[in-house]
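Have a look at the structure below before the remarks.
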Amino acid sequence: MTPTKGFEPPPYPYHRLRDLEKLAQSHDGGMVDCSVGTPCDPPAGFVLEAMATSGTERGYPESAGSLMLRNAASGWIERRFGVAVGPDAVSACVGTKEFVASVSQYLHLRDPDHDVVLYPAVSYPTYAMGALLAGCRAVPVPPATADGSGLALDRVDPADAERALFLWVNTPSNPTGGLSDLEEAAAWGRARRVPVLSDECYGEYTWASRPRSILEHGLDGVLAIHSLSKRSNLAGVRAGFYAGDPALVTYLTDLRRHAGLMVPGPVQAAAAAALGDDGHVDAQRARYLERLEFLAEVLSSAGCPAHLPDGGFYLWVASPERLGDGWALTEELARTGGILVSPGEFYGPEGANFVRVAAVQPMERLALFADRMKAAGRLGD
């Protein structure tokens with residue numbers, strides 16, 4: 001077959017862990033997988049009941065989301081953030097990864113004279129990949145702190161700001177757990193007529209303060225993107241929504257309707273039920289906090305200092321100098337503790353000396369990792 005002359009997709013990051021997965025799996029009791037942020041806890045029963053009994057299976061669902069779903073999202077935004085956003089300024093997406101990967105393409109159609117997508121230098125890799133898939137230039141914004149958190153917007157090249165299609169913000173951050181200044185980001189974008197897209201899918205798991213949204217600083221020129229995957233343990237059903245500037249929401253909704261992007265009707269019913277209830281989220285918050293505190297203590301006791309994040313359910317851990325970079329720590333943890341984590345290099349070059357540890361395994365699995373580490377002693381010795 002003749003080699004392609006066009007875009008060659010890079011290896012998917014987590015596929016690069018296959019050899020280390022085998023190493024971790026070789027332990028008695030198997031691997032403790034903390035590499036991917038896949039929820040392990042069951043969704044609430046009433047959410048599954050809503051999905052099973054919606055009666056929406058036969059008809060095509062609304063691409064924007066049913067009025068029931070959009071009203072539920074509006075109600076949740078008002079309860080959680082104190083912001084009134086009408087249902088016409090809310091639209092559904094087929095999980096937020098799909099939205100993140102495709103929105104650059106759609107906004108570039110709207111504004112072909114701008115071709116730079118700004119994104120956090122240490123971040124979820126799909127921000128940059130979405131720009132590349134749209135034929136745009138992905139430009140990282142330097143971090144505000146040494147661990148890769150926040151946005152140093154004053155360091156954005158004016159030429160890139162001039163050509164910016166939009167700016168990504170992610171708070172709480174995946175992977176660092178840091179919190180960005182959303183008011184600053186919104187003001188920066190408005191001053192330059194650059195839309196700001198705020199990925200807030202970990203917002204319910206904010207530890208250092210109450211949950212925040214960019215919508216608190218006005219709707220003009222901004223979108224907030226939210227997911228049911230993390231909030232309600234519904235990663236497998238692919239449900240999310242975006243809300244904010246009515247003109248942006250309307251444009252994207254109309255375009256996505258032409259592309260046939262629709263959240264299945266039963267999933268919309270489940271999402272509406274989940275957004276209407278906060279109790280199951282409070283229970284999940286307690287689970288994640290317990291796991292984060294436990295993992296931080298185990299890693300710190302093993303000579304790898306770990307600190308609780310300001311938000312999210314990941315530990316962002318610097319590799320000790322005696323071990324080397326994040327890949328070296330990832331290998332050492334797989335060999336010694338049978339745990340699989342993600343090297344920080346997955347999230348950008350500035351994360352190369354870190355690893356991300358996802359607190360997504362039940363306590364009995366994390367206890368197995370702790371027992372192995374206790375038996376092994378200090379990492380790297």
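Going through the structure tokens in order, the chains are called A, B, and so on, while each chain numbers its residues from 1 and the ligands are numbered from 1 in the order shown.
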Write out as CSV a residue-level contact list of stretch 33-62 of chain A versus stretch 173-185 of chain A with cut-off 12 Å: for each qualifying residue the closest pair of atoms and the distance in Å to one decimal, counting only C-alpha atoms, rows sorted by chain and residue number upward.
```
residue,atom,partner,partner_atom,distance
A:Ser35,CA,A:Pro175,CA,11.2
A:Val36,CA,A:Pro175,CA,10.8
A:Gly37,CA,A:Asn174,CA,9.6
```
Can you check which residues of stretch 53-290 of chain A DSSP gives as alpha helix (DSSP H) on the backbone and send them as number ranges by chain?
A: 67-81, 96-110, 126-133, 158-162, 182-192, 228-231, 246-258, 265-275, 279-290
Just checking: using only C-alpha atoms, which residue out of A:Ala376, A:Ala259, A:Leu248, A:Leu215 ends up closest to A:Glu78?
A:Leu215
Using only C-alpha atoms, which protein or nucleic acid residues come within 10 Å of A:Glu162? Drop anything in the same chain fewer than 3 positions from it, and give the result as a PyMOL selection string.
chain A and resi 114-116+157-159+165+192-194
Prev. selection, C-alpha atoms, output as a PDB file, in the first residue's frame:
```pdb
ATOM      1  CA  HIS A 114      -8.393  32.830  12.438  1.00  0.00           C
ATOM      2  CA  ASP A 115      -6.462  29.572  12.675  1.00  0.00           C
ATOM      3  CA  VAL A 116      -4.733  29.460  16.078  1.00  0.00           C
ATOM      4  CA  ASP A 157       2.593  35.971  21.658  1.00  0.00           C
ATOM      5  CA  PRO A 158       0.564  38.962  20.394  1.00  0.00           C
ATOM      6  CA  ALA A 159       0.745  37.516  16.866  1.00  0.00           C
ATOM      7  CA  LEU A 165      -9.773  31.227  16.886  1.00  0.00           C
ATOM      8  CA  ARG A 192      -9.332  40.602  22.063  1.00  0.00           C
ATOM      9  CA  ARG A 193     -12.649  39.286  20.707  1.00  0.00           C
ATOM     10  CA  VAL A 194     -11.386  35.724  21.226  1.00  0.00           C
TER      11      VAL A 194
END
```
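With atom CA of A:Ala101 on one side and atom CA of A:Ala270 on the other, the separation reads 23.9 Å.
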Members of stretch 111-248 of chain A assigned strand (DSSP E) by DSSP, as a PyMOL selection string
chain A and resi 116-120+137-141+164-170+196-199+222-227+240-244
A:Gly95: which residues within 12 Å, counting only C-alpha atoms, same-chain residues fewer than 3 positions away excluded, as a ChimeraX atom specification?
/A:91-92,98-102,201,225-230,234-242,261-264,267-268,271
Need the shell around stretch 14-20 of chain A: protein/DNA/RNA residues with any atom at most 10 Å away, counting only C-alpha atoms. Skip same-chain ones fewer than 2 positions apart. Format as number ranges by chain?
A: 11-12, 22-26, 35-36, 327, 330-335, 338-343, 346
Need the shell around A:Ala144: protein/DNA/RNA residues with any atom at most 12 Å away, counting only C-alpha atoms. Skip same-chain ones fewer than 3 positions apart. Format as an MDAnalysis selection string?
chainID A and resid 120:122 141 147:156 176 178:181 350
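Contact shell of A:Pro42 at 10 Å (only C-alpha atoms; same-chain neighbours under 2 positions omitted): Pro39, Cys40, Ala44, Gly45, Leu48, Ser232, Asn233, Leu234 and Gln284 of chain A.
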Could you save those same residues with N, CA and C atoms as a compact mmCIF listing (two decimals), in the first residue's frame?
```txt
# COMPACT_ATOMS: atom_id res chain seq x y z
N PRO A 39 -14.39 6.06 35.66
CA PRO A 39 -15.05 5.80 36.94
C PRO A 39 -15.27 4.30 37.16
N CYS A 40 -15.06 3.86 38.40
CA CYS A 40 -15.29 2.45 38.73
C CYS A 40 -16.57 2.26 39.51
N ALA A 44 -26.12 6.00 39.83
CA ALA A 44 -27.28 5.91 40.72
C ALA A 44 -28.38 5.09 40.06
N GLY A 45 -29.07 4.29 40.85
CA GLY A 45 -30.11 3.43 40.31
C GLY A 45 -31.22 4.20 39.62
N LEU A 48 -30.29 4.98 36.00
CA LEU A 48 -30.44 3.84 35.10
C LEU A 48 -31.90 3.54 34.83
N SER A 232 -21.41 11.83 37.34
CA SER A 232 -22.42 10.83 37.67
C SER A 232 -22.04 9.42 37.26
N ASN A 233 -20.74 9.18 37.02
CA ASN A 233 -20.25 7.84 36.65
C ASN A 233 -20.95 7.29 35.41
N LEU A 234 -21.09 8.14 34.39
CA LEU A 234 -21.80 7.76 33.17
C LEU A 234 -20.90 7.86 31.94
N GLN A 284 -20.25 10.60 45.85
CA GLN A 284 -19.07 10.33 45.02
C GLN A 284 -17.90 11.22 45.41
```
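Among the candidates A:Phe46, A:Phe81, A:Tyr127, A:Tyr60, the one nearest to A:Gly348 when counting only C-alpha atoms is A:Tyr127.
Coordinates place atom CA of A:Val117 at a distance of 27.2 Å from atom CA of A:Ala73.
Picture a line from atom CA of A:Gly30 to atom CA of A:Val298; it runs 18.5 Å.
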Across A:Tyr251, A:Trp316, A:Tyr106, A:Tyr124, the smallest distance to A:Ala359, with only C-alpha atoms counted, is shown by A:Trp316
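Ranking A:Cys34, A:Pro172, A:Pro10, A:Gly55 by their shortest atom-to-atom distance to A:Ala269, with only C-alpha atoms included, puts A:Gly55 first.
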